[in-house]
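S.K.: File name input-v9.cif; file contents mmCIF, C-alpha atoms; full text below.
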data_coords
loop_
_atom_site.label_atom_id
_atom_site.label_comp_id
_atom_site.auth_asym_id
_atom_site.auth_seq_id
_atom_site.Cartn_x
_atom_site.Cartn_y
_atom_site.Cartn_z
CA MET A 1 -14.97 14.23 37.07
CA MET A 2 -11.60 12.55 36.46
CA GLU A 3 -13.51 9.55 35.06
CA LYS A 4 -15.10 11.62 32.34
CA LYS A 5 -11.87 13.32 31.43
CA ASN A 6 -10.12 9.97 31.22
CA GLN A 7 -12.86 8.54 29.07
CA PHE A 8 -12.71 11.51 26.74
CA THR A 9 -8.94 11.44 26.27
CA GLY A 10 -9.13 7.67 25.88
CA VAL A 11 -11.68 7.98 23.09
CA VAL A 12 -9.83 10.81 21.35
CA SER A 13 -6.52 8.96 21.40
CA GLY A 14 -8.19 5.81 20.07
CA ILE A 15 -9.69 7.69 17.16
CA LEU A 16 -6.43 9.52 16.53
CA ALA A 17 -4.61 6.18 16.44
CA GLY A 18 -6.97 4.98 13.72
CA ILE A 19 -6.44 8.09 11.63
CA PHE A 20 -2.67 7.74 11.99
CA VAL A 21 -2.76 4.05 11.07
CA ALA A 22 -4.60 4.89 7.83
CA PHE A 23 -1.96 7.44 6.88
CA MET A 24 0.82 5.08 7.91
CA VAL A 25 -0.53 2.36 5.60
CA ARG A 26 -0.85 4.87 2.77
CA LEU A 27 2.64 6.35 3.26
CA ASN A 28 4.27 2.92 3.49
CA ALA A 29 2.51 1.85 0.30
CA SER A 30 3.69 5.00 -1.49
CA LEU A 31 7.23 4.31 -0.37
CA GLY A 32 6.78 0.77 -1.63
CA GLU A 33 5.76 2.02 -5.04
CA SER A 34 8.84 4.22 -5.11
CA ILE A 35 11.60 1.90 -3.93
CA GLY A 36 10.11 -1.60 -3.84
CA ILE A 37 7.94 -3.51 -1.37
CA LEU A 38 10.76 -5.32 0.43
CA GLU A 39 13.02 -2.27 0.43
CA SER A 40 10.23 -0.12 1.87
CA SER A 41 9.39 -2.67 4.53
CA PHE A 42 13.04 -2.70 5.58
CA VAL A 43 13.23 1.12 5.63
CA VAL A 44 10.00 1.43 7.66
CA HIS A 45 11.35 -0.91 10.32
CA LEU A 46 14.74 0.80 10.34
CA VAL A 47 13.16 4.26 10.69
CA GLY A 48 10.94 2.99 13.49
CA ALA A 49 13.88 1.39 15.29
CA VAL A 50 15.97 4.56 15.11
CA PHE A 51 13.04 6.81 16.04
CA ALA A 52 11.96 4.67 18.99
CA LEU A 53 15.42 4.16 20.46
CA PRO A 54 15.68 7.44 22.40
CA LEU A 55 12.04 7.14 23.42
CA VAL A 56 12.54 3.67 24.81
CA PHE A 57 15.41 4.78 27.03
CA LEU A 58 13.49 7.85 28.16
CA PHE A 59 10.05 6.36 28.74
CA GLY A 60 10.13 2.59 28.41
CA LYS A 61 11.18 0.57 31.40
CA PHE A 62 13.80 -1.38 29.56
CA SER A 63 16.63 -3.60 30.67
CA PHE A 64 18.99 -5.61 28.50
CA GLN A 65 19.42 -8.13 31.31
CA ASN A 66 15.74 -8.90 31.09
CA LEU A 67 16.04 -9.76 27.41
CA LYS A 68 17.96 -12.95 28.15
CA THR A 69 15.08 -14.42 30.15
CA ILE A 70 12.52 -13.93 27.39
CA PRO A 71 11.56 -16.99 25.31
CA LYS A 72 13.09 -16.67 21.85
CA TYR A 73 9.84 -17.05 19.90
CA LEU A 74 8.57 -13.75 21.28
CA PHE A 75 11.18 -12.00 19.14
CA LEU A 76 9.51 -13.22 15.97
CA GLY A 77 7.16 -10.27 15.84
CA GLY A 78 9.67 -8.39 13.71
CA VAL A 79 9.86 -11.17 11.14
CA LEU A 80 6.08 -11.10 10.86
CA GLY A 81 6.24 -7.33 10.68
CA ILE A 82 8.43 -7.37 7.58
CA LEU A 83 6.04 -9.78 5.86
CA ILE A 84 2.97 -7.78 6.93
CA VAL A 85 4.29 -4.51 5.48
CA VAL A 86 5.45 -6.25 2.28
CA ILE A 87 1.96 -7.68 1.67
CA SER A 88 0.27 -4.41 2.60
CA ASN A 89 2.50 -2.39 0.27
CA GLY A 90 1.82 -4.88 -2.51
CA ALA A 91 -1.94 -4.90 -2.04
CA VAL A 92 -2.77 -1.20 -1.58
CA PRO A 93 -1.86 -0.05 -5.12
CA HIS A 94 -4.02 -2.82 -6.59
CA LEU A 95 -7.02 -2.81 -4.26
CA GLY A 96 -7.08 0.72 -2.90
CA MET A 97 -7.00 1.75 0.76
CA VAL A 98 -10.51 0.89 1.97
CA LEU A 99 -10.69 -2.58 0.44
CA THR A 100 -7.19 -3.52 1.64
CA VAL A 101 -7.81 -2.30 5.14
CA SER A 102 -11.25 -3.96 5.24
CA LEU A 103 -9.73 -7.28 4.22
CA PHE A 104 -7.15 -6.93 7.01
CA LEU A 105 -9.98 -6.32 9.45
CA ALA A 106 -12.05 -9.22 8.14
CA GLY A 107 -9.10 -11.60 8.33
CA ASN A 108 -8.40 -10.34 11.84
CA LEU A 109 -12.01 -10.78 12.98
CA PHE A 110 -12.44 -14.25 11.51
CA PHE A 111 -9.14 -15.59 12.76
CA GLY A 112 -9.66 -13.91 16.11
CA ALA A 113 -13.07 -15.53 16.53
CA ILE A 114 -11.70 -18.95 15.57
CA ALA A 115 -8.62 -18.54 17.78
CA ASP A 116 -10.83 -17.55 20.71
CA HIS A 117 -13.19 -20.44 20.13
CA PHE A 118 -10.44 -23.05 20.23
CA GLY A 119 -8.20 -21.28 22.66
CA PHE A 120 -5.18 -20.96 20.36
CA PHE A 121 -1.85 -19.78 21.71
CA GLY A 122 -2.83 -21.03 25.14
CA LEU A 123 -5.25 -18.16 25.61
CA PRO A 124 -8.60 -18.62 27.36
CA ARG A 125 -11.43 -19.99 25.27
CA PHE A 126 -14.25 -17.74 24.17
CA PRO A 127 -16.66 -20.01 22.29
CA MET A 128 -18.41 -18.65 19.24
CA ASN A 129 -21.76 -17.03 20.04
CA THR A 130 -24.64 -15.55 18.06
CA ARG A 131 -23.37 -12.01 18.48
CA ARG A 132 -20.01 -12.81 16.96
CA GLY A 133 -21.65 -14.90 14.25
CA VAL A 134 -23.81 -11.98 13.24
CA GLY A 135 -20.75 -9.75 13.36
CA LEU A 136 -18.82 -12.01 11.01
CA LEU A 137 -21.78 -12.06 8.63
CA CYS A 138 -21.78 -8.26 8.67
CA ALA A 139 -18.09 -8.33 7.78
CA LEU A 140 -18.86 -10.54 4.78
CA VAL A 141 -21.69 -8.28 3.64
CA GLY A 142 -19.45 -5.24 4.00
CA LEU A 143 -16.67 -6.87 2.00
CA VAL A 144 -19.03 -7.88 -0.79
CA MET A 145 -20.29 -4.32 -1.03
CA LEU A 146 -16.72 -3.06 -1.33
CA LEU A 147 -15.66 -5.69 -3.83
CA VAL A 148 -18.47 -5.13 -6.30
CA MET B 1 -4.88 -11.04 -10.27
CA MET B 2 -7.26 -9.21 -7.97
CA ILE B 3 -8.21 -12.45 -6.27
CA LEU B 4 -4.58 -13.10 -5.38
CA PHE B 5 -4.29 -9.74 -3.62
CA VAL B 6 -7.64 -10.27 -1.89
CA MET B 7 -6.41 -13.60 -0.51
CA LEU B 8 -3.08 -12.09 0.52
CA ALA B 9 -4.80 -9.20 2.28
CA LEU B 10 -7.06 -11.60 4.19
CA GLY B 11 -4.00 -13.61 5.13
CA ASN B 12 -2.35 -10.40 6.31
CA GLY B 13 -5.27 -9.94 8.70
CA VAL B 14 -4.33 -13.27 10.24
CA LEU B 15 -0.66 -12.27 10.43
CA LEU B 16 -1.61 -8.94 12.00
CA MET B 17 -3.53 -10.66 14.77
CA THR B 18 -0.69 -13.10 15.41
CA GLY B 19 1.82 -10.26 15.43
CA GLN B 20 -0.35 -8.32 17.88
CA LEU B 21 -0.47 -11.28 20.24
CA ILE B 22 3.28 -11.83 20.10
CA ASN B 23 3.99 -8.15 20.70
CA ALA B 24 1.50 -8.00 23.54
CA ALA B 25 3.17 -10.99 25.19
CA LEU B 26 6.57 -9.38 24.69
CA GLY B 27 5.18 -6.10 25.99
CA MET B 28 4.25 -7.80 29.24
CA ARG B 29 7.89 -8.77 29.77
CA THR B 30 9.43 -5.44 28.81
CA SER B 31 7.16 -2.50 28.05
CA ALA B 32 4.85 -1.70 25.15
CA LEU B 33 7.33 0.79 23.74
CA GLY B 34 10.18 -1.65 24.35
CA SER B 35 8.42 -4.45 22.52
CA SER B 36 7.61 -2.13 19.61
CA TRP B 37 11.28 -1.17 19.44
CA ILE B 38 12.42 -4.81 19.50
CA ASN B 39 9.87 -5.54 16.78
CA HIS B 40 11.34 -2.82 14.58
CA VAL B 41 14.93 -3.84 15.27
CA VAL B 42 14.31 -7.51 14.50
CA GLY B 43 12.31 -6.48 11.43
CA ALA B 44 15.09 -4.21 10.20
CA LEU B 45 17.69 -6.96 10.69
CA PHE B 46 15.52 -9.57 8.97
CA GLY B 47 14.56 -7.21 6.15
CA GLY B 48 18.18 -6.19 5.64
CA PHE B 49 19.16 -9.84 5.53
CA LEU B 50 16.53 -10.60 2.87
CA LEU B 51 17.75 -7.65 0.81
CA LEU B 52 21.35 -8.89 1.07
CA CYS B 53 20.11 -12.24 -0.23
CA GLY B 54 18.97 -10.38 -3.31
CA LEU B 55 15.23 -10.75 -2.77
CA GLY B 56 14.44 -7.10 -3.37
CA ALA B 57 12.97 -6.18 -6.74
CA GLY B 58 13.32 -2.44 -6.30
CA GLN B 59 16.25 -0.26 -5.33
CA LEU B 60 17.36 1.61 -2.23
CA LEU B 61 17.59 4.91 -4.09
CA PHE B 62 16.04 7.72 -2.10
CA SER B 63 16.52 10.70 -4.41
CA GLY B 64 13.26 11.95 -5.80
CA VAL B 65 11.19 10.15 -3.16
CA PRO B 66 9.05 12.65 -1.20
CA PHE B 67 10.39 12.93 2.36
CA ILE B 68 6.94 12.38 3.83
CA TYR B 69 6.86 8.79 2.52
CA PHE B 70 9.57 7.91 5.04
CA LEU B 71 7.50 8.92 8.05
CA GLY B 72 5.45 5.74 8.17
CA GLY B 73 7.94 4.13 10.52
CA CYS B 74 7.68 7.00 12.98
CA ILE B 75 3.90 6.95 12.88
CA GLY B 76 3.95 3.28 13.83
CA VAL B 77 5.80 4.07 17.04
CA VAL B 78 3.42 6.93 17.87
CA VAL B 79 0.43 4.66 17.25
CA VAL B 80 1.69 2.10 19.77
CA ALA B 81 1.94 4.89 22.34
CA LEU B 82 -1.60 6.03 21.54
CA PHE B 83 -2.93 2.47 21.90
CA ASN B 84 -1.22 2.25 25.26
CA PHE B 85 -2.72 5.50 26.40
CA SER B 86 -6.20 4.69 25.19
CA ALA B 87 -6.72 1.04 26.16
CA PRO B 88 -6.53 1.39 29.95
CA ARG B 89 -9.00 4.27 29.79
CA VAL B 90 -11.72 2.85 27.59
CA GLY B 91 -10.94 -0.87 27.53
CA ALA B 92 -9.07 -2.81 24.84
CA ALA B 93 -12.21 -4.01 23.04
CA PHE B 94 -13.77 -0.57 22.70
CA MET B 95 -10.45 0.90 21.68
CA SER B 96 -10.22 -1.67 18.89
CA VAL B 97 -13.65 -0.59 17.65
CA LEU B 98 -12.64 3.08 17.84
CA TRP B 99 -9.41 2.81 15.96
CA THR B 100 -10.60 0.37 13.29
CA SER B 101 -13.64 2.57 12.60
CA ALA B 102 -11.48 5.69 12.39
CA GLN B 103 -9.06 3.83 10.13
CA LEU B 104 -11.84 2.71 7.78
CA LEU B 105 -13.34 6.17 7.49
CA THR B 106 -9.96 7.88 7.04
CA SER B 107 -9.05 5.31 4.38
CA SER B 108 -12.30 6.13 2.58
CA LEU B 109 -11.32 9.78 2.48
CA ILE B 110 -7.81 8.92 1.30
CA ASP B 111 -9.32 6.82 -1.49
CA HIS B 112 -11.93 9.41 -2.42
CA PHE B 113 -9.56 12.35 -2.72
CA GLY B 114 -6.66 10.34 -4.06
CA ILE B 115 -4.38 11.61 -1.31
CA LEU B 116 -0.66 10.84 -1.37
CA GLY B 117 -0.67 9.10 -4.70
CA THR B 118 -3.75 6.92 -4.43
CA VAL B 119 -5.80 6.29 -7.54
CA PRO B 120 -9.05 8.06 -6.57
CA VAL B 121 -11.90 5.72 -5.68
CA PRO B 122 -15.11 7.73 -5.17
CA PHE B 123 -16.80 7.14 -1.84
CA THR B 124 -20.26 6.19 -3.06
CA TRP B 125 -23.25 5.45 -0.83
CA TYR B 126 -22.72 1.81 -1.68
CA ARG B 127 -19.19 1.81 -0.36
CA PHE B 128 -20.25 3.86 2.64
CA THR B 129 -22.79 1.18 3.54
CA GLY B 130 -20.09 -1.47 3.14
CA VAL B 131 -17.88 0.45 5.59
CA VAL B 132 -20.78 0.79 8.04
CA PHE B 133 -21.26 -2.98 7.95
CA LEU B 134 -17.57 -3.45 8.73
CA ILE B 135 -17.72 -1.04 11.65
CA LEU B 136 -20.76 -2.95 12.90
CA ALA B 137 -18.83 -6.21 12.47
CA ALA B 138 -15.95 -4.83 14.56
CA ARG B 139 -18.41 -3.69 17.25
CA LEU B 140 -20.03 -7.13 17.44
CA VAL B 141 -16.92 -9.28 17.27
CA PHE B 142 -14.44 -7.31 19.36
CA SER B 143 -16.53 -7.31 22.53
CA LYS B 144 -16.02 -10.58 24.35
CA GLU B 145 -19.07 -11.73 26.22
#
Take the structure I supplied and represent it as structure tokens, if you would.
M.R.:
Amino acid sequence: MMEKKNQFTGVVSGILAGIFVAFMVRLNASLGESIGILESSFVVHLVGAVFALPLVFLFGKFSFQNLKTIPKYLFLGGVLGILIVVISNGAVPHLGMVLTVSLFLAGNLFFGAIADHFGFFGLPRFPMNTRRGVGLLCALVGLVMLLV
Amino acid sequence: MMILFVMLALGNGVLLMTGQLINAALGMRTSALGSSWINHVVGALFGGFLLLCGLGAGQLLFSGVPFIYFLGGCIGVVVVALFNFSAPRVGAAFMSVLWTSAQLLTSSLIDHFGILGTVPVPFTWYRFTGVVFLILAARLVFSKE
């Protein structure tokens, strides 16, 4: 019984996450159109940092001591984040939501499949197979249908 | 002009994946929420630095900007929590399929109704089929066999 309940809440939260992400992309892009793509990217990260701070201390097992032992390159996520939001905010007004988001997904799928195949980032190798190949073809077909 | 944005958006897909991997690795050392917070802090510092260098083309003037536009940053934090709740229950691969599908369909609605300032893009059967193909693509590629 617990299994089913867990599955259900897991599915609902996954779907909810997707809905929220769509609105997040749209809101960030609107902010970008209002104050500029770099300015908005900065504000988004600042708001997130301020908003998450109390939550981290309440719920996240966090220790500042720990931070010193972490390899420096793992802190680069934020740098990428700024760039990601800048590009997203630039693209959405020109391409629309669905096309932009589909291109993100396609880029993600293709790079993910290649990265898996060669074992990038020291992660285990998952060689390309027919299933993934067909999947990537579907992505291309989908993109073409959205671009036309 | 379009082609430039198409290429940039594809490139962003690559950056997104890389960012996800970095944050996941960081999340292992701290916590998912902690790594999201660090991400935002580093981003804010870096973004602020770029603005101080004069790279911004807009202006940090908030008057007249609808308050709701500023909530994107909060939603990002909530989303990380949702991912963290969902993945252990249904598996990371299936969760990816769930959220990307939901994102695509919600985006279609946002486009169609021109919500929150979008130029309306009608959700035709053609575009619907395109979205279905992308959902199928996610389903096929995200599961690792």
S.K.: Which residue out of A:Leu109, A:Val101, A:Ala91, A:Leu136 has the minimum interatomic distance to Met2 of chain B when all atoms listed in the file are used?
M.R.: A:Ala91
S.K.: Run the PyMOL selection byres ((chain A and resi 92) around 10) mentally over the shown coordinates, then write out the matched residues as a list in words, using the chain letters and numbers from the document.
M.R.: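 Here the PyMOL selection byres ((chain A and resi 92) around 10) matches Val25, Arg26, Asn28, Ala29, Ser30, Gly32, Glu33, Ile87, Ser88, Asn89, Gly90, Ala91, Pro93, His94, Leu95, Gly96, Met97, Val98, Leu99, Thr100 and Val101 of chain A; Phe5, Ala9 and Thr118 of chain B.
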S.K.: Find the spatial neighbours of Gln59 of chain B, counting all atoms listed in the file, within a cut-off of 9 Å - ignore same-chain residues fewer than 3 positions away - and output them as a PyMOL selection string.
M.R.: (chain A and resi 34-36+39) or (chain B and resi 56+62)
S.K.: Up to 7 Å from (-14.7, -5.1, 26.6) in the file's coordinates: name the residues, counting all atoms listed in the file, as a list in words.
M.R.: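 Checking each residue against the 7 Å limit leaves Gly91, Ala92, Ala93, Phe94, Ser143 and Lys144 of chain B.
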S.K.: The PyMOL selection byres ((chain A and resi 132) around 10) - which residues does that actually catch in the file I just gave you? List them as an MDAnalysis selection string.
M.R.: (chainID A and resid 109:110 113 127:131 133:138) or (chainID B and resid 137:145)
S.K.: Step by step, work through what the PyMOL selection byres ((chain A and resi 38) around 9) selects in the shown file, and finish by giving those residues as a ChimeraX atom specification.
M.R.: /A:32,35-37,39-43,82-83,85-86,89 /B:47,50-51,55-58
